[in-house]
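J.: So that you have it, the file is entry_9.cif, and it contains mmCIF, C-alpha atoms; chains and numbers go by the auth columns:
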```cif
data_structure
loop_
_atom_site.group_PDB
_atom_site.id
_atom_site.type_symbol
_atom_site.label_atom_id
_atom_site.label_comp_id
_atom_site.label_asym_id
_atom_site.label_seq_id
_atom_site.Cartn_x
_atom_site.Cartn_y
_atom_site.Cartn_z
_atom_site.B_iso_or_equiv
_atom_site.auth_seq_id
_atom_site.auth_asym_id
ATOM 1 C CA MET A 1 83.527 238.182 60.715 0.00 21 A
ATOM 2 C CA LEU A 2 81.293 235.120 60.757 0.00 22 A
ATOM 3 C CA PRO A 3 81.356 232.753 63.756 0.00 23 A
ATOM 4 C CA THR A 4 83.441 229.622 63.204 0.00 24 A
ATOM 5 C CA PHE A 5 80.477 227.230 63.055 0.00 25 A
ATOM 6 C CA TYR A 6 78.849 229.459 60.382 0.00 26 A
ATOM 7 C CA GLN A 7 82.056 229.408 58.344 0.00 27 A
ATOM 8 C CA THR A 8 82.437 225.640 58.631 0.00 28 A
ATOM 9 C CA HIS A 9 78.861 224.953 57.569 0.00 29 A
ATOM 10 C CA LEU A 10 78.817 227.499 54.732 0.00 30 A
ATOM 11 C CA GLN A 11 82.120 226.232 53.316 0.00 31 A
ATOM 12 C CA LYS A 12 80.583 222.749 53.093 0.00 32 A
ATOM 13 C CA GLN A 13 77.547 224.068 51.191 0.00 33 A
ATOM 14 C CA LEU A 14 79.244 226.581 48.862 0.00 34 A
ATOM 15 C CA THR A 15 82.265 226.622 46.581 0.00 35 A
ATOM 16 C CA SER A 16 85.200 228.747 47.726 0.00 36 A
ATOM 17 C CA ALA A 17 84.272 231.525 45.243 0.00 37 A
ATOM 18 C CA GLN A 18 80.644 231.488 46.436 0.00 38 A
ATOM 19 C CA PHE A 19 81.746 231.576 50.074 0.00 39 A
ATOM 20 C CA ILE A 20 83.983 234.595 49.422 0.00 40 A
ATOM 21 C CA LEU A 21 81.172 236.345 47.556 0.00 41 A
ATOM 22 C CA LEU A 22 78.792 235.667 50.471 0.00 42 A
ATOM 23 C CA THR A 23 81.338 237.031 52.959 0.00 43 A
ATOM 24 C CA ILE A 24 81.771 240.209 50.907 0.00 44 A
ATOM 25 C CA LEU A 25 78.012 240.564 50.500 0.00 45 A
ATOM 26 C CA LEU A 26 77.395 240.211 54.247 0.00 46 A
ATOM 27 C CA SER A 27 80.081 242.801 54.953 0.00 47 A
ATOM 28 C CA LEU A 28 78.489 245.204 52.476 0.00 48 A
ATOM 29 C CA ILE A 29 75.037 244.739 53.994 0.00 49 A
ATOM 30 C CA GLN A 30 76.438 245.542 57.430 0.00 50 A
ATOM 31 C CA SER A 31 78.253 248.656 56.225 0.00 51 A
ATOM 32 C CA GLU A 32 75.506 249.931 53.892 0.00 52 A
ATOM 33 C CA LYS A 33 72.604 248.979 56.192 0.00 53 A
ATOM 34 C CA GLN A 34 70.405 248.553 53.123 0.00 54 A
ATOM 35 C CA VAL A 35 69.468 245.397 51.284 0.00 55 A
ATOM 36 C CA ARG A 36 68.513 246.830 47.921 0.00 56 A
ATOM 37 C CA LEU A 37 70.217 244.883 45.158 0.00 57 A
ATOM 38 C CA LYS A 38 70.837 247.979 43.054 0.00 58 A
ATOM 39 C CA ARG A 39 72.589 249.734 45.954 0.00 59 A
ATOM 40 C CA LEU A 40 74.682 246.686 46.861 0.00 60 A
ATOM 41 C CA ALA A 41 75.723 246.231 43.218 0.00 61 A
ATOM 42 C CA ARG A 42 76.866 249.856 43.089 0.00 62 A
ATOM 43 C CA VAL A 43 79.277 249.412 46.024 0.00 63 A
ATOM 44 C CA PHE A 44 80.272 245.782 45.358 0.00 64 A
ATOM 45 C CA PRO A 45 84.082 245.683 44.869 0.00 65 A
ATOM 46 C CA TYR A 46 84.252 243.877 41.545 0.00 66 A
ATOM 47 C CA PRO A 47 85.863 245.286 38.384 0.00 67 A
ATOM 48 C CA ILE A 48 82.811 245.016 36.098 0.00 68 A
ATOM 49 C CA THR A 49 79.944 247.358 35.274 0.00 69 A
ATOM 50 C CA THR A 50 77.269 248.029 37.875 0.00 70 A
ATOM 51 C CA GLU A 51 74.621 246.226 35.826 0.00 71 A
ATOM 52 C CA SER A 52 76.870 243.152 35.518 0.00 72 A
ATOM 53 C CA ARG A 53 77.471 243.214 39.287 0.00 73 A
ATOM 54 C CA ARG A 54 73.711 243.409 39.873 0.00 74 A
ATOM 55 C CA ARG A 55 73.125 240.385 37.618 0.00 75 A
ATOM 56 C CA LYS A 56 76.002 238.501 39.312 0.00 76 A
ATOM 57 C CA LEU A 57 74.525 239.145 42.756 0.00 77 A
ATOM 58 C CA GLN A 58 71.060 238.186 41.516 0.00 78 A
ATOM 59 C CA ARG A 59 72.373 234.883 40.110 0.00 79 A
ATOM 60 C CA PHE A 60 74.223 234.234 43.366 0.00 80 A
ATOM 61 C CA LEU A 61 71.125 234.845 45.490 0.00 81 A
ATOM 62 C CA ASP A 62 69.153 232.436 43.252 0.00 82 A
ATOM 63 C CA LEU A 63 71.558 229.539 43.915 0.00 83 A
ATOM 64 C CA PRO A 64 69.787 226.324 44.933 0.00 84 A
ATOM 65 C CA GLN A 65 72.238 225.968 47.854 0.00 85 A
ATOM 66 C CA LEU A 66 70.930 229.196 49.443 0.00 86 A
ATOM 67 C CA THR A 67 67.719 227.806 50.887 0.00 87 A
ATOM 68 C CA LEU A 68 66.394 227.687 54.448 0.00 88 A
ATOM 69 C CA PRO A 69 66.621 223.877 54.752 0.00 89 A
ATOM 70 C CA LEU A 70 70.210 223.699 53.464 0.00 90 A
ATOM 71 C CA ILE A 71 71.731 226.833 55.005 0.00 91 A
ATOM 72 C CA TRP A 72 69.665 228.228 57.857 0.00 92 A
ATOM 73 C CA PHE A 73 68.086 225.200 59.574 0.00 93 A
ATOM 74 C CA PRO A 74 71.393 223.355 60.264 0.00 94 A
ATOM 75 C CA LEU A 75 72.868 226.585 61.681 0.00 95 A
ATOM 76 C CA LEU A 76 69.790 227.122 63.816 0.00 96 A
ATOM 77 C CA ALA A 77 69.877 223.503 65.066 0.00 97 A
ATOM 78 C CA TYR A 78 73.555 223.868 66.005 0.00 98 A
ATOM 79 C CA TRP A 79 72.854 227.166 67.708 0.00 99 A
ATOM 80 C CA LEU A 80 69.913 225.779 69.713 0.00 100 A
ATOM 81 C CA THR A 81 71.789 222.657 70.837 0.00 101 A
ATOM 82 C CA THR A 82 74.844 224.713 71.813 0.00 102 A
ATOM 83 C CA TYR A 83 73.239 227.668 73.578 0.00 103 A
ATOM 84 C CA CYS A 84 69.919 226.306 74.886 0.00 104 A
ATOM 85 C CA SER A 85 69.539 223.661 77.556 0.00 105 A
ATOM 86 C CA VAL A 86 66.851 220.980 77.729 0.00 106 A
ATOM 87 C CA GLY A 87 63.800 222.293 79.547 0.00 107 A
ATOM 88 C CA GLN A 88 64.682 225.927 78.909 0.00 108 A
ATOM 89 C CA THR A 89 61.702 228.073 77.930 0.00 109 A
ATOM 90 C CA LEU A 90 61.981 229.659 74.490 0.00 110 A
ATOM 91 C CA SER A 91 59.733 232.427 73.177 0.00 111 A
ATOM 92 C CA VAL A 92 58.308 232.404 69.670 0.00 112 A
ATOM 93 C CA ALA A 93 56.761 235.413 67.939 0.00 113 A
ATOM 94 C CA ILE A 94 54.274 235.282 65.091 0.00 114 A
ATOM 95 C CA ASP A 95 53.853 238.384 62.946 0.00 115 A
ATOM 96 C CA ARG A 96 51.745 239.304 59.922 0.00 116 A
ATOM 97 C CA THR A 97 52.415 242.220 57.615 0.00 117 A
ATOM 98 C CA GLN A 98 50.343 243.173 54.579 0.00 118 A
ATOM 99 C CA TRP A 99 51.788 244.837 51.460 0.00 119 A
ATOM 100 C CA GLY A 100 48.919 245.568 49.118 0.00 120 A
ATOM 101 C CA CYS A 101 47.476 242.152 48.294 0.00 121 A
ATOM 102 C CA ILE A 102 50.408 240.178 49.775 0.00 122 A
ATOM 103 C CA ASN A 103 50.340 238.854 53.340 0.00 123 A
ATOM 104 C CA LEU A 104 53.699 238.004 54.915 0.00 124 A
ATOM 105 C CA PHE A 105 53.569 235.673 57.918 0.00 125 A
ATOM 106 C CA THR A 106 56.782 235.325 59.945 0.00 126 A
ATOM 107 C CA ILE A 107 57.558 232.989 62.821 0.00 127 A
ATOM 108 C CA ALA A 108 60.638 233.921 64.838 0.00 128 A
ATOM 109 C CA LEU A 109 62.496 232.681 67.891 0.00 129 A
ATOM 110 C CA ILE A 110 63.102 235.432 70.442 0.00 130 A
ATOM 111 C CA TRP A 111 66.615 235.308 71.880 0.00 131 A
ATOM 112 C CA GLN A 112 68.148 238.109 73.979 0.00 132 A
ATOM 113 C CA LYS A 113 65.713 240.725 72.622 0.00 133 A
ATOM 114 C CA ARG A 114 66.385 239.643 69.020 0.00 134 A
ATOM 115 C CA ALA A 115 64.035 237.850 66.630 0.00 135 A
ATOM 116 C CA ILE A 116 65.618 234.998 64.671 0.00 136 A
ATOM 117 C CA PRO A 117 63.376 234.097 61.723 0.00 137 A
ATOM 118 C CA LEU A 118 62.341 230.462 61.546 0.00 138 A
ATOM 119 C CA LYS A 119 59.736 230.528 58.779 0.00 139 A
ATOM 120 C CA ARG A 120 58.240 233.034 56.346 0.00 140 A
ATOM 121 C CA VAL A 121 55.136 232.449 54.296 0.00 141 A
ATOM 122 C CA PHE A 122 53.900 234.699 51.502 0.00 142 A
ATOM 123 C CA VAL A 123 50.181 234.573 50.755 0.00 143 A
ATOM 124 C CA THR A 124 48.719 236.490 47.836 0.00 144 A
ATOM 125 C CA GLN A 125 45.093 237.491 48.093 0.00 145 A
ATOM 126 C CA ILE A 126 42.967 237.562 44.992 0.00 146 A
ATOM 127 C CA ARG A 127 40.525 240.416 45.261 0.00 147 A
ATOM 128 C CA LYS A 128 37.057 239.929 43.898 0.00 148 A
ATOM 129 C CA GLN A 129 35.629 242.793 41.887 0.00 149 A
#
```
Could you express the structure from this file as structure tokens?
T.:
Amino acid sequence: MLPTFYQTHLQKQLTSAQFILLTILLSLIQSEKQVRLKRLARVFPYPITTESRRRKLQRFLDLPQLTLPLIWFPLLAYWLTTYCSVGQTLSVAIDRTQWGCINLFTIALIWQKRAIPLKRVFVTQIRKQ
């Protein structure tokens, strides 16, 4: 179950059908422990073919409302103002991972031994021959 402030914020940003779909999707991710679209579509409880479920999930994840500035940053701001006091020291981690010619830079806030992503940047390298 999502915390109340998550529910309130997400219900403002999404339609009721989109909010229900997001809730189901989050539940599936927690139970399946995998975030592969094909796998999630296979177990998604919707009475249509697996390929149609995959396309439905793909369209949902491409919604313009599901962006960091609209969804994540307001939740993070609420969380920081509620659980962190002024003058409290916060730790930030910066990480870089390389997949072939793609560099992934991540900046995360460390809170109770957990990393909460703040920003991700993808950089593609063009290799000279």
J.: For a quick check of understanding, using all atoms listed in the file, which of A:Gln132, A:Leu77, A:Gln85, A:Pro137 has the smallest distance to Cys104 (chain A)?
T.: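 Of the candidates, the smallest distance to Cys104 (chain A) is held by A:Gln132.
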J.: Under the rule of at most 12 Å, produce a per-residue listing of region 77-131 of chain A near region 34-58 of chain A: chain, number, name, the closest pair of atoms, and the distance in Å, as CSV, using all atoms listed in the file.
T.:
```
residue,atom,partner,partner_atom,distance
A:Leu77,CA,A:Leu57,CA,7.6
A:Gln78,CA,A:Leu57,CA,7.7
A:Arg79,CA,A:Gln38,CA,11.0
A:Phe80,CA,A:Gln38,CA,7.6
A:Leu81,CA,A:Leu42,CA,9.2
A:Asp82,CA,A:Gln38,CA,12.0
A:Leu83,CA,A:Leu34,CA,9.6
A:Pro84,CA,A:Leu34,CA,10.2
A:Gln85,CA,A:Leu34,CA,7.1
A:Leu86,CA,A:Leu34,CA,8.7
A:Thr87,CA,A:Leu34,CA,11.8
A:Leu90,CA,A:Leu34,CA,10.5
A:Ile91,CA,A:Leu34,CA,9.7
```
J.: Just to confirm, what's the straight-line distance from CA of Arg73 (chain A) to CA of Arg59 (chain A) in Å (one decimal)?
T.: 10.5 Å
J.: Interatomic distance between CA of Phe125 (chain A) and CA of Lys139 (chain A)?
T.: 8.1 Å
J.: Could you tell me how far CA of Val143 (chain A) lies from CA of Gln118 (chain A), in Å and to one decimal?
T.: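 According to the coordinates, CA of Val143 (chain A) and CA of Gln118 (chain A) are separated by 9.4 Å.
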J.: Can you pull out the residues contacting Glu71 (chain A)? Cut-off 9 Å, using all atoms listed in the file, and skip same-chain residues under 5 positions away; I want them as an MDAnalysis selection string.
T.: chainID A and resid 58 61:62 76
J.: Counting only C-alpha atoms, which of A:Gly120, A:Gly107, A:Pro67, A:Pro94 gets nearest to Leu30 (chain A)?
T.: A:Pro94
J.: Around region 31-49 of chain A, with edges along x, y and z and 8 Å added on all six sides, what centre and edge lengths do you get, in Å to one decimal, as JSON?
T.:
```
{"center_x": 80.1, "center_y": 234.0, "center_z": 50.1, "size_x": 26.2, "size_y": 38.5, "size_z": 25.7}
```
J.: From the list A:Ile130, A:Leu138, A:Leu22, A:Ala113, which residue is nearest Phe93 (chain A) when using all atoms listed in the file?
T.: A:Leu138
J.: Taking into account all atoms listed in the file, which residue in the set A:Arg75, A:Arg134, A:Arg116, A:His29 is nearest to Tyr98 (chain A)?
T.: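 Answer, going by the shortest atom-to-atom distance: A:His29.
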J.: For Pro89 (chain A), which of A:Ile114, A:Gln33, A:Ala128, A:Leu60 is the closest residue, counting only C-alpha atoms?
T.: A:Gln33
J.: Can we get region 29-76 of chain A of that structure written down with N, CA and C atoms, as a PDB file, in the first residue's frame?
T.:
```
ATOM      1  N   HIS A  29      -1.045  12.836  -3.811  1.00  0.00           N
ATOM      2  CA  HIS A  29      -0.351  13.506  -4.914  1.00  0.00           C
ATOM      3  C   HIS A  29      -0.609  12.800  -6.251  1.00  0.00           C
ATOM      4  N   LEU A  30      -0.508  11.478  -6.258  1.00  0.00           N
ATOM      5  CA  LEU A  30      -0.694  10.735  -7.509  1.00  0.00           C
ATOM      6  C   LEU A  30      -2.121  10.847  -8.036  1.00  0.00           C
ATOM      7  N   GLN A  31      -3.099  10.895  -7.141  1.00  0.00           N
ATOM      8  CA  GLN A  31      -4.492  11.040  -7.581  1.00  0.00           C
ATOM      9  C   GLN A  31      -4.747  12.406  -8.199  1.00  0.00           C
ATOM     10  N   LYS A  32      -3.968  13.408  -7.812  1.00  0.00           N
ATOM     11  CA  LYS A  32      -4.088  14.735  -8.432  1.00  0.00           C
ATOM     12  C   LYS A  32      -3.493  14.734  -9.840  1.00  0.00           C
ATOM     13  N   GLN A  33      -2.439  13.950 -10.050  1.00  0.00           N
ATOM     14  CA  GLN A  33      -1.726  13.945 -11.325  1.00  0.00           C
ATOM     15  C   GLN A  33      -2.318  12.991 -12.354  1.00  0.00           C
ATOM     16  N   LEU A  34      -2.971  11.916 -11.896  1.00  0.00           N
ATOM     17  CA  LEU A  34      -3.452  10.862 -12.788  1.00  0.00           C
ATOM     18  C   LEU A  34      -4.967  10.743 -12.733  1.00  0.00           C
ATOM     19  N   THR A  35      -5.553  10.185 -13.781  1.00  0.00           N
ATOM     20  CA  THR A  35      -6.977   9.869 -13.745  1.00  0.00           C
ATOM     21  C   THR A  35      -7.166   8.684 -12.816  1.00  0.00           C
ATOM     22  N   SER A  36      -8.405   8.391 -12.452  1.00  0.00           N
ATOM     23  CA  SER A  36      -8.645   7.269 -11.531  1.00  0.00           C
ATOM     24  C   SER A  36      -8.203   5.944 -12.151  1.00  0.00           C
ATOM     25  N   ALA A  37      -8.429   5.757 -13.461  1.00  0.00           N
ATOM     26  CA  ALA A  37      -8.009   4.517 -14.132  1.00  0.00           C
ATOM     27  C   ALA A  37      -6.474   4.411 -14.145  1.00  0.00           C
ATOM     28  N   GLN A  38      -5.797   5.528 -14.404  1.00  0.00           N
ATOM     29  CA  GLN A  38      -4.335   5.523 -14.413  1.00  0.00           C
ATOM     30  C   GLN A  38      -3.774   5.257 -13.016  1.00  0.00           C
ATOM     31  N   PHE A  39      -4.424   5.820 -11.998  1.00  0.00           N
ATOM     32  CA  PHE A  39      -3.973   5.595 -10.628  1.00  0.00           C
ATOM     33  C   PHE A  39      -4.122   4.120 -10.242  1.00  0.00           C
ATOM     34  N   ILE A  40      -5.233   3.515 -10.613  1.00  0.00           N
ATOM     35  CA  ILE A  40      -5.442   2.089 -10.326  1.00  0.00           C
ATOM     36  C   ILE A  40      -4.406   1.250 -11.062  1.00  0.00           C
ATOM     37  N   LEU A  41      -4.156   1.568 -12.321  1.00  0.00           N
ATOM     38  CA  LEU A  41      -3.157   0.833 -13.093  1.00  0.00           C
ATOM     39  C   LEU A  41      -1.770   0.962 -12.450  1.00  0.00           C
ATOM     40  N   LEU A  42      -1.423   2.160 -11.982  1.00  0.00           N
ATOM     41  CA  LEU A  42      -0.137   2.365 -11.317  1.00  0.00           C
ATOM     42  C   LEU A  42      -0.054   1.547 -10.025  1.00  0.00           C
ATOM     43  N   THR A  43      -1.128   1.516  -9.263  1.00  0.00           N
ATOM     44  CA  THR A  43      -1.161   0.741  -8.023  1.00  0.00           C
ATOM     45  C   THR A  43      -0.963  -0.743  -8.304  1.00  0.00           C
ATOM     46  N   ILE A  44      -1.640  -1.247  -9.324  1.00  0.00           N
ATOM     47  CA  ILE A  44      -1.484  -2.662  -9.700  1.00  0.00           C
ATOM     48  C   ILE A  44      -0.057  -2.920 -10.170  1.00  0.00           C
ATOM     49  N   LEU A  45       0.469  -2.030 -10.976  1.00  0.00           N
ATOM     50  CA  LEU A  45       1.824  -2.186 -11.503  1.00  0.00           C
ATOM     51  C   LEU A  45       2.867  -2.197 -10.380  1.00  0.00           C
ATOM     52  N   LEU A  46       2.726  -1.309  -9.413  1.00  0.00           N
ATOM     53  CA  LEU A  46       3.652  -1.280  -8.281  1.00  0.00           C
ATOM     54  C   LEU A  46       3.554  -2.559  -7.457  1.00  0.00           C
ATOM     55  N   SER A  47       2.362  -3.061  -7.289  1.00  0.00           N
ATOM     56  CA  SER A  47       2.166  -4.322  -6.560  1.00  0.00           C
ATOM     57  C   SER A  47       2.829  -5.485  -7.297  1.00  0.00           C
ATOM     58  N   LEU A  48       2.671  -5.506  -8.617  1.00  0.00           N
ATOM     59  CA  LEU A  48       3.303  -6.558  -9.415  1.00  0.00           C
ATOM     60  C   LEU A  48       4.823  -6.495  -9.343  1.00  0.00           C
ATOM     61  N   ILE A  49       5.368  -5.296  -9.410  1.00  0.00           N
ATOM     62  CA  ILE A  49       6.829  -5.143  -9.336  1.00  0.00           C
ATOM     63  C   ILE A  49       7.346  -5.664  -7.999  1.00  0.00           C
ATOM     64  N   GLN A  50       6.613  -5.382  -6.930  1.00  0.00           N
ATOM     65  CA  GLN A  50       7.033  -5.854  -5.612  1.00  0.00           C
ATOM     66  C   GLN A  50       6.940  -7.374  -5.498  1.00  0.00           C
ATOM     67  N   SER A  51       5.918  -7.958  -6.090  1.00  0.00           N
ATOM     68  CA  SER A  51       5.764  -9.417  -5.980  1.00  0.00           C
ATOM     69  C   SER A  51       6.675 -10.162  -6.958  1.00  0.00           C
ATOM     70  N   GLU A  52       6.875  -9.615  -8.150  1.00  0.00           N
ATOM     71  CA  GLU A  52       7.700 -10.281  -9.162  1.00  0.00           C
ATOM     72  C   GLU A  52       9.184 -10.005  -8.984  1.00  0.00           C
ATOM     73  N   LYS A  53       9.501  -8.850  -8.389  1.00  0.00           N
ATOM     74  CA  LYS A  53      10.893  -8.433  -8.159  1.00  0.00           C
ATOM     75  C   LYS A  53      11.692  -8.295  -9.454  1.00  0.00           C
ATOM     76  N   GLN A  54      10.994  -8.097 -10.554  1.00  0.00           N
ATOM     77  CA  GLN A  54      11.635  -7.862 -11.841  1.00  0.00           C
ATOM     78  C   GLN A  54      10.896  -6.727 -12.534  1.00  0.00           C
ATOM     79  N   VAL A  55      11.617  -5.945 -13.293  1.00  0.00           N
ATOM     80  CA  VAL A  55      10.996  -4.804 -13.953  1.00  0.00           C
ATOM     81  C   VAL A  55      11.095  -4.937 -15.462  1.00  0.00           C
ATOM     82  N   ARG A  56      11.016  -6.148 -15.947  1.00  0.00           N
ATOM     83  CA  ARG A  56      10.992  -6.348 -17.400  1.00  0.00           C
ATOM     84  C   ARG A  56       9.546  -6.261 -17.863  1.00  0.00           C
ATOM     85  N   LEU A  57       9.315  -5.426 -18.858  1.00  0.00           N
ATOM     86  CA  LEU A  57       7.962  -5.170 -19.338  1.00  0.00           C
ATOM     87  C   LEU A  57       7.274  -6.445 -19.797  1.00  0.00           C
ATOM     88  N   LYS A  58       8.002  -7.297 -20.486  1.00  0.00           N
ATOM     89  CA  LYS A  58       7.431  -8.542 -20.993  1.00  0.00           C
ATOM     90  C   LYS A  58       6.940  -9.428 -19.840  1.00  0.00           C
ATOM     91  N   ARG A  59       7.734  -9.500 -18.784  1.00  0.00           N
ATOM     92  CA  ARG A  59       7.368 -10.315 -17.615  1.00  0.00           C
ATOM     93  C   ARG A  59       6.166  -9.725 -16.886  1.00  0.00           C
ATOM     94  N   LEU A  60       6.166  -8.400 -16.704  1.00  0.00           N
ATOM     95  CA  LEU A  60       5.045  -7.748 -16.032  1.00  0.00           C
ATOM     96  C   LEU A  60       3.752  -7.898 -16.832  1.00  0.00           C
ATOM     97  N   ALA A  61       3.852  -7.812 -18.159  1.00  0.00           N
ATOM     98  CA  ALA A  61       2.668  -7.959 -19.009  1.00  0.00           C
ATOM     99  C   ALA A  61       2.094  -9.373 -18.899  1.00  0.00           C
ATOM    100  N   ARG A  62       2.974 -10.349 -18.735  1.00  0.00           N
ATOM    101  CA  ARG A  62       2.525 -11.740 -18.631  1.00  0.00           C
ATOM    102  C   ARG A  62       1.685 -11.973 -17.376  1.00  0.00           C
ATOM    103  N   VAL A  63       2.030 -11.311 -16.262  1.00  0.00           N
ATOM    104  CA  VAL A  63       1.322 -11.535 -15.007  1.00  0.00           C
ATOM    105  C   VAL A  63       0.305 -10.438 -14.687  1.00  0.00           C
ATOM    106  N   PHE A  64       0.200  -9.431 -15.544  1.00  0.00           N
ATOM    107  CA  PHE A  64      -0.740  -8.330 -15.305  1.00  0.00           C
ATOM    108  C   PHE A  64      -2.172  -8.853 -15.382  1.00  0.00           C
ATOM    109  N   PRO A  65      -2.997  -8.618 -14.347  1.00  0.00           N
ATOM    110  CA  PRO A  65      -4.355  -9.166 -14.307  1.00  0.00           C
ATOM    111  C   PRO A  65      -5.349  -8.358 -15.141  1.00  0.00           C
ATOM    112  N   TYR A  66      -5.304  -8.558 -16.430  1.00  0.00           N
ATOM    113  CA  TYR A  66      -6.180  -7.835 -17.346  1.00  0.00           C
ATOM    114  C   TYR A  66      -6.622  -8.815 -18.414  1.00  0.00           C
ATOM    115  N   PRO A  67      -7.911  -8.874 -18.727  1.00  0.00           N
ATOM    116  CA  PRO A  67      -8.415  -9.924 -19.629  1.00  0.00           C
ATOM    117  C   PRO A  67      -8.191  -9.651 -21.118  1.00  0.00           C
ATOM    118  N   ILE A  68      -6.939  -9.387 -21.497  1.00  0.00           N
ATOM    119  CA  ILE A  68      -6.585  -9.219 -22.910  1.00  0.00           C
ATOM    120  C   ILE A  68      -5.311 -10.021 -23.161  1.00  0.00           C
ATOM    121  N   THR A  69      -4.902 -10.110 -24.403  1.00  0.00           N
ATOM    122  CA  THR A  69      -3.719 -10.916 -24.724  1.00  0.00           C
ATOM    123  C   THR A  69      -2.464 -10.296 -24.098  1.00  0.00           C
ATOM    124  N   THR A  70      -1.457 -11.109 -23.934  1.00  0.00           N
ATOM    125  CA  THR A  70      -0.204 -10.655 -23.328  1.00  0.00           C
ATOM    126  C   THR A  70       0.414  -9.504 -24.119  1.00  0.00           C
ATOM    127  N   GLU A  71       0.388  -9.607 -25.431  1.00  0.00           N
ATOM    128  CA  GLU A  71       0.960  -8.534 -26.262  1.00  0.00           C
ATOM    129  C   GLU A  71       0.177  -7.230 -26.082  1.00  0.00           C
ATOM    130  N   SER A  72      -1.139  -7.314 -25.974  1.00  0.00           N
ATOM    131  CA  SER A  72      -1.952  -6.115 -25.743  1.00  0.00           C
ATOM    132  C   SER A  72      -1.664  -5.516 -24.367  1.00  0.00           C
ATOM    133  N   ARG A  73      -1.463  -6.369 -23.373  1.00  0.00           N
ATOM    134  CA  ARG A  73      -1.101  -5.889 -22.028  1.00  0.00           C
ATOM    135  C   ARG A  73       0.253  -5.191 -22.062  1.00  0.00           C
ATOM    136  N   ARG A  74       1.207  -5.757 -22.802  1.00  0.00           N
ATOM    137  CA  ARG A  74       2.529  -5.145 -22.917  1.00  0.00           C
ATOM    138  C   ARG A  74       2.419  -3.752 -23.540  1.00  0.00           C
ATOM    139  N   ARG A  75       1.637  -3.643 -24.624  1.00  0.00           N
ATOM    140  CA  ARG A  75       1.459  -2.342 -25.276  1.00  0.00           C
ATOM    141  C   ARG A  75       0.741  -1.354 -24.350  1.00  0.00           C
ATOM    142  N   LYS A  76      -0.256  -1.838 -23.591  1.00  0.00           N
ATOM    143  CA  LYS A  76      -0.982  -0.992 -22.647  1.00  0.00           C
ATOM    144  C   LYS A  76      -0.036  -0.451 -21.575  1.00  0.00           C
TER     145      LYS A  76
END
```
